[in-house]
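Trainee: The structure is given below, and queries will be raised subsequently.
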Amino acid sequence: MQPNTPPPAAPEHSESELLQIRRDKLDELTKTGVDAFGGRFDTTHQPGALKANFEENLNVSVAGRILSRREMGKATFFDVGDISGRMQCYLSKGDVGDEAYKQFNHLVDIGDFVGIEGFTFITKRGEKSIHVKKLTPLSKALRPLPDKWHGVTDKEIKYRQRYLDLISNEKSQDVFRKRIQMVAAIRNYMQERGFLEVETPMMQDVPGGAAAKPFETFFHALNQPMFLRIAPELYLKRLLVAGFTQIFELNRNFRNEGLSRRHNPEFTMLEAYWAYADFEKMADLVEGMICHLAENFCGGLKIEHKDDEGNVTKTINLARPWKRARYTDLLKSIDPKWYDYTPAERKARAQELGVEIGANFEDYEVTQHVFERLIEAKQFDPLYVTHCPKELVPLAKQNADDDSIVDVYELVINGQEISPGYSELNNPIVQRERLEHQAGEETQKIDEEFILALEHGMPPAGGIGIGIDRLIMMLTGAESIRDVILFPQLKRKE
């Protein structure tokens, strides 16, 4: 048999037979006086941490799930593991006795949780291992784990039963360990630079801060409709009014829109504001943060994306400084005459370029669709798109030299927007005009409490948002947002 080749398939049992076999083993364990769903077990190490920081002849106590086993006469090698990794264990009949050894090999299955007490050693083959002196069954698995050679290959099961994916798929384990570590590193990065972490309401009576459809609910105690927030922006800016100068929130937003490879209705966002800064200072902050994450968790500033066979499909180069270009200049690179056309001519030109345009699109929407399809979608290395049309960003400050544009950036990496950044609009008169234009006839959508706060004075400030899920996708090479969210939104099974 060739190395790493799956063994020949054993005679298969039906699912109902497998479940019954495990229940029979549960009954046998119970008859011997073993609590198959035990309680507290004090540990000295996690399996993966013990292996990573291995020392010989340590007395250890480790618990985990049995992930593999190899019986060899009077001795058995098996692996126990958890999200930290796995550790090989050696169990000898001479150490634990005939009855305990028989019990382990006949009544304890792959998938069961066990507690192990023993000492560390290295086998003749050089394997870091635990020599087991005592084994305690902790929890019986009544269903078998996914096939160890193929894991969870069905995407539906992978996302709906994420626990099976994480048990059997080391790549998924690595992605989510990195996500957890990166989110913690983002918090540290912000706090080390003087930013305070705050919390603002997730349930709001006026959904604001972005152009998106909210989820609606009803608060019976107040007898009024409420909305899950689409962004924390308007509350964070109230804190600038209050005197906070550097703040951030790292939490969930909710948008009642489509599901796709890049969209989940519940997503994680970092939003931050820095009094007396501007969009360019915020761009420097974001550039430093993302490079910090790449260098500490991705091995450097070149991020390789690979297919399922491990072949590199593209490499993203995060080397600084990142390119910055004006929105209008990028459009002119598609067509130098773009801004010389009439609105009707721009619509016709967009269709010539293969960009589908809606019949009721306003002129700025036509241009934005061309930008998204022909520039953003094809940009893999970091690009700050600056000085966008004011219609796209109603909460940003107008440019001092050209009132048709606003002082903003949109950071594009891997063909999608990762972060917007603004020089924030702090003029309450202009802000009201912008919000009224955005709301149209639905003036009830205007957050009057926010305007009231601005009228008390908000300092000039820079602000950013970072879509954490998309950022993790880019840094880990995941091709779907569902691969970086532990429990992505799915349609209910009928």
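Numbering starts fresh at 1 for the residues of each chain in the structure tokens, the chains themselves are lettered A, B, ... in the order given, and ligands are numbered from 1 as they appear.
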Just asking: which residues within range 65-209 of chain A are helix (DSSP H, G or I) according to DSSP, as a ChimeraX atom specification?

Mentor: /A:93-96,98-107,155-160,162-168,170-192

Trainee: Next, write the just-selected residues to a file, as a PDB file, in the first residue's frame, keeping C-alpha atoms as the atom set.

Mentor:
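New file selection_11.pdb:
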ATOM      1  CA  LYS A  93      -2.120  -3.856  28.650  1.00  0.00           C
ATOM      2  CA  GLY A  94       0.718  -4.209  31.140  1.00  0.00           C
ATOM      3  CA  ASP A  95       0.143  -0.699  32.481  1.00  0.00           C
ATOM      4  CA  VAL A  96      -3.644  -0.564  32.804  1.00  0.00           C
ATOM      5  CA  ASP A  98      -6.413  -6.753  31.101  1.00  0.00           C
ATOM      6  CA  GLU A  99      -9.912  -5.538  31.967  1.00  0.00           C
ATOM      7  CA  ALA A 100      -9.263  -1.826  31.349  1.00  0.00           C
ATOM      8  CA  TYR A 101      -7.342  -2.603  28.145  1.00  0.00           C
ATOM      9  CA  LYS A 102     -10.168  -4.800  26.839  1.00  0.00           C
ATOM     10  CA  GLN A 103     -12.720  -2.146  27.793  1.00  0.00           C
ATOM     11  CA  PHE A 104     -10.846   0.526  25.843  1.00  0.00           C
ATOM     12  CA  ASN A 105     -10.445  -1.538  22.687  1.00  0.00           C
ATOM     13  CA  HIS A 106     -13.953  -2.992  22.605  1.00  0.00           C
ATOM     14  CA  LEU A 107     -16.233  -0.391  24.178  1.00  0.00           C
ATOM     15  CA  LYS A 155     -20.906  21.822   1.596  1.00  0.00           C
ATOM     16  CA  GLU A 156     -24.408  21.643   3.074  1.00  0.00           C
ATOM     17  CA  ILE A 157     -23.179  19.471   5.970  1.00  0.00           C
ATOM     18  CA  LYS A 158     -19.981  21.508   6.299  1.00  0.00           C
ATOM     19  CA  TYR A 159     -21.875  24.731   6.993  1.00  0.00           C
ATOM     20  CA  ARG A 160     -24.931  23.323   8.765  1.00  0.00           C
ATOM     21  CA  ARG A 162     -19.820  23.011  11.442  1.00  0.00           C
ATOM     22  CA  TYR A 163     -18.731  20.918  14.411  1.00  0.00           C
ATOM     23  CA  LEU A 164     -18.186  17.931  12.090  1.00  0.00           C
ATOM     24  CA  ASP A 165     -16.147  20.075   9.710  1.00  0.00           C
ATOM     25  CA  LEU A 166     -13.972  21.330  12.569  1.00  0.00           C
ATOM     26  CA  ILE A 167     -13.446  17.836  13.984  1.00  0.00           C
ATOM     27  CA  SER A 168     -12.280  16.372  10.671  1.00  0.00           C
ATOM     28  CA  GLU A 170      -7.478  20.691   9.746  1.00  0.00           C
ATOM     29  CA  LYS A 171      -7.750  23.491   7.168  1.00  0.00           C
ATOM     30  CA  SER A 172     -10.999  24.712   8.738  1.00  0.00           C
ATOM     31  CA  GLN A 173      -9.471  24.468  12.199  1.00  0.00           C
ATOM     32  CA  ASP A 174      -6.557  26.610  11.038  1.00  0.00           C
ATOM     33  CA  VAL A 175      -8.837  29.247   9.463  1.00  0.00           C
ATOM     34  CA  PHE A 176     -10.905  29.696  12.606  1.00  0.00           C
ATOM     35  CA  ARG A 177      -7.926  29.658  14.959  1.00  0.00           C
ATOM     36  CA  LYS A 178      -6.412  32.420  12.833  1.00  0.00           C
ATOM     37  CA  ARG A 179      -9.672  34.355  12.809  1.00  0.00           C
ATOM     38  CA  ILE A 180      -9.860  34.281  16.606  1.00  0.00           C
ATOM     39  CA  GLN A 181      -6.224  35.340  16.916  1.00  0.00           C
ATOM     40  CA  MET A 182      -6.571  38.095  14.315  1.00  0.00           C
ATOM     41  CA  VAL A 183      -9.642  39.613  15.966  1.00  0.00           C
ATOM     42  CA  ALA A 184      -7.773  39.692  19.285  1.00  0.00           C
ATOM     43  CA  ALA A 185      -4.768  41.267  17.515  1.00  0.00           C
ATOM     44  CA  ILE A 186      -6.987  43.953  15.941  1.00  0.00           C
ATOM     45  CA  ARG A 187      -8.265  44.905  19.397  1.00  0.00           C
ATOM     46  CA  ASN A 188      -4.726  45.082  20.736  1.00  0.00           C
ATOM     47  CA  TYR A 189      -3.544  47.083  17.726  1.00  0.00           C
ATOM     48  CA  MET A 190      -6.259  49.704  18.245  1.00  0.00           C
ATOM     49  CA  GLN A 191      -5.847  49.884  22.012  1.00  0.00           C
ATOM     50  CA  GLU A 192      -2.068  50.245  21.752  1.00  0.00           C
TER      51      GLU A 192
END

Trainee: Which residues come within 12 Å of Gly258 in chain A, counting only C-alpha atoms, excluding same-chain residues fewer than 3 positions away, as a VMD selection string?

Mentor: chain A and resid 212 to 214 254 to 255 261 to 266 489 to 491

Trainee: Go ahead and dump the residues you just picked, C-alpha atoms, as a JSON list (two decimals), in the first residue's frame.

Mentor:
[["chain", "number", "residue", "atom", "x", "y", "z"],
["A", 212, "ALA", "CA", -29.07, 49.07, 3.36],
["A", 213, "LYS", "CA", -32.36, 47.32, 4.13],
["A", 214, "PRO", "CA", -32.69, 46.56, 7.86],
["A", 254, "PHE", "CA", -27.29, 43.12, 10.19],
["A", 255, "ARG", "CA", -28.50, 43.81, 6.65],
["A", 261, "ARG", "CA", -20.11, 34.11, -1.69],
["A", 262, "ARG", "CA", -19.31, 37.58, -0.31],
["A", 263, "HIS", "CA", -22.44, 38.43, 1.69],
["A", 264, "ASN", "CA", -23.91, 37.14, 4.94],
["A", 265, "PRO", "CA", -26.81, 39.08, 6.50],
["A", 266, "GLU", "CA", -25.10, 39.02, 9.92],
["A", 489, "GLN", "CA", -26.90, 31.87, 7.61],
["A", 490, "LEU", "CA", -28.64, 28.99, 5.79],
["A", 491, "LYS", "CA", -32.17, 28.30, 4.66]]

Trainee: Near range 33-47 of chain A, counting only C-alpha atoms, which residues have an atom at most 10 Å away, once you skip same-chain residues fewer than 4 positions from it, shown as a ChimeraX atom specification?

Mentor: /A:25-29,51-52,59-65,79-88,108,112-117,130,136-141

Trainee: Export, as a PDB file, in the first residue's frame, the selected residues with C-alpha atoms.

Mentor:
ATOM      1  CA  LYS A  25     -21.412  -0.331  23.843  1.00  0.00           C
ATOM      2  CA  LEU A  26     -22.929   2.396  25.999  1.00  0.00           C
ATOM      3  CA  ASP A  27     -25.040  -0.223  27.788  1.00  0.00           C
ATOM      4  CA  GLU A  28     -21.969  -2.425  28.343  1.00  0.00           C
ATOM      5  CA  LEU A  29     -19.991   0.480  29.782  1.00  0.00           C
ATOM      6  CA  LYS A  51       2.793  18.745  21.378  1.00  0.00           C
ATOM      7  CA  ALA A  52       3.895  22.240  20.355  1.00  0.00           C
ATOM      8  CA  ASN A  59       3.631  13.987  34.229  1.00  0.00           C
ATOM      9  CA  VAL A  60       0.547  15.177  32.353  1.00  0.00           C
ATOM     10  CA  SER A  61      -3.210  15.032  32.472  1.00  0.00           C
ATOM     11  CA  VAL A  62      -4.876  15.556  29.079  1.00  0.00           C
ATOM     12  CA  ALA A  63      -8.445  15.240  27.803  1.00  0.00           C
ATOM     13  CA  GLY A  64      -9.806  15.147  24.273  1.00  0.00           C
ATOM     14  CA  ARG A  65     -11.685  13.281  21.590  1.00  0.00           C
ATOM     15  CA  ASP A  79      -4.622  10.177  18.997  1.00  0.00           C
ATOM     16  CA  VAL A  80      -6.632  12.525  21.185  1.00  0.00           C
ATOM     17  CA  GLY A  81      -7.371  16.054  20.047  1.00  0.00           C
ATOM     18  CA  ASP A  82      -9.365  19.244  20.232  1.00  0.00           C
ATOM     19  CA  ILE A  83      -9.238  22.589  18.430  1.00  0.00           C
ATOM     20  CA  SER A  84      -5.662  23.083  19.697  1.00  0.00           C
ATOM     21  CA  GLY A  85      -4.401  20.025  17.792  1.00  0.00           C
ATOM     22  CA  ARG A  86      -3.795  16.364  18.510  1.00  0.00           C
ATOM     23  CA  MET A  87      -1.406  14.225  20.571  1.00  0.00           C
ATOM     24  CA  GLN A  88      -0.425  10.578  20.183  1.00  0.00           C
ATOM     25  CA  VAL A 108     -14.510   2.970  23.567  1.00  0.00           C
ATOM     26  CA  ASP A 112     -15.447   9.332  22.296  1.00  0.00           C
ATOM     27  CA  PHE A 113     -13.961  11.771  24.809  1.00  0.00           C
ATOM     28  CA  VAL A 114     -11.433  10.384  27.275  1.00  0.00           C
ATOM     29  CA  GLY A 115      -9.200  11.680  30.042  1.00  0.00           C
ATOM     30  CA  ILE A 116      -5.596  10.511  30.152  1.00  0.00           C
ATOM     31  CA  GLU A 117      -3.031  10.524  32.939  1.00  0.00           C
ATOM     32  CA  ILE A 130       1.960  10.214  26.131  1.00  0.00           C
ATOM     33  CA  THR A 136     -11.056   7.634  32.056  1.00  0.00           C
ATOM     34  CA  PRO A 137     -14.029   7.563  29.637  1.00  0.00           C
ATOM     35  CA  LEU A 138     -15.647  11.033  29.723  1.00  0.00           C
ATOM     36  CA  SER A 139     -18.340  11.128  27.035  1.00  0.00           C
ATOM     37  CA  LYS A 140     -19.680   8.493  24.639  1.00  0.00           C
ATOM     38  CA  ALA A 141     -20.258   9.542  21.011  1.00  0.00           C
TER      39      ALA A 141
END

Trainee: List every residue of range 197-387 of chain A that DSSP, applied to the backbone of this structure, places in strand (DSSP E or B), and write the result as a ChimeraX atom specification.

Mentor: /A:197,203-204,216-219,224-228,246-254,260,263,266-275,302-306,312-317,323-326,383-387

Trainee: I want to know what sits within 7 Å of Arg326 in chain A, based on only C-alpha atoms, with residues of the same chain fewer than 5 positions away left out; could you give that as a ChimeraX atom specification?

Mentor: /A:385-387

Trainee: For Ala272 in chain A, which residue out of A:Pro225, A:Glu424, A:Asp329, A:His131 is the nearest one, using only C-alpha atoms?

Mentor: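 The answer is A:Glu424, which sits nearest to Ala272 in chain A.
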
Trainee: If we count only C-alpha atoms and set the cut-off at 8 Å, which residues sit around range 343-359 of chain A, ignoring sequence neighbours fewer than 6 positions away in its own chain? Please answer as a PDB file with N, CA and C atoms, in the first residue's frame.

Mentor:
ATOM      1  N   VAL A 366     -24.716  54.549 -12.826  1.00  0.00           N
ATOM      2  CA  VAL A 366     -24.135  53.956 -14.037  1.00  0.00           C
ATOM      3  C   VAL A 366     -22.612  53.911 -13.896  1.00  0.00           C
ATOM      4  N   THR A 367     -22.033  55.051 -13.514  1.00  0.00           N
ATOM      5  CA  THR A 367     -20.579  55.117 -13.348  1.00  0.00           C
ATOM      6  C   THR A 367     -20.107  54.149 -12.277  1.00  0.00           C
ATOM      7  N   HIS A 369     -21.469  51.324 -11.334  1.00  0.00           N
ATOM      8  CA  HIS A 369     -21.546  49.940 -11.819  1.00  0.00           C
ATOM      9  C   HIS A 369     -20.358  49.612 -12.716  1.00  0.00           C
ATOM     10  N   VAL A 370     -19.969  50.564 -13.545  1.00  0.00           N
ATOM     11  CA  VAL A 370     -18.783  50.348 -14.392  1.00  0.00           C
ATOM     12  C   VAL A 370     -17.548  50.190 -13.507  1.00  0.00           C
ATOM     13  N   ARG A 373     -17.600  46.664 -11.768  1.00  0.00           N
ATOM     14  CA  ARG A 373     -17.401  45.496 -12.648  1.00  0.00           C
ATOM     15  C   ARG A 373     -16.029  45.485 -13.318  1.00  0.00           C
TER      16      ARG A 373
END

Trainee: Need to verify the contact set: Phe219 in chain A, 12 Å, only C-alpha atoms, exclusion of same-chain residues closer than 3 positions in sequence. Can you return it as a ChimeraX atom specification?

Mentor: /A:203-205,216,222-228

Trainee: Calculated over only C-alpha atoms, which of the candidates A:Gln379, A:Asp109, A:Leu239, A:Gly48 has the smallest distance to Asp24 in chain A?

Mentor: A:Asp109
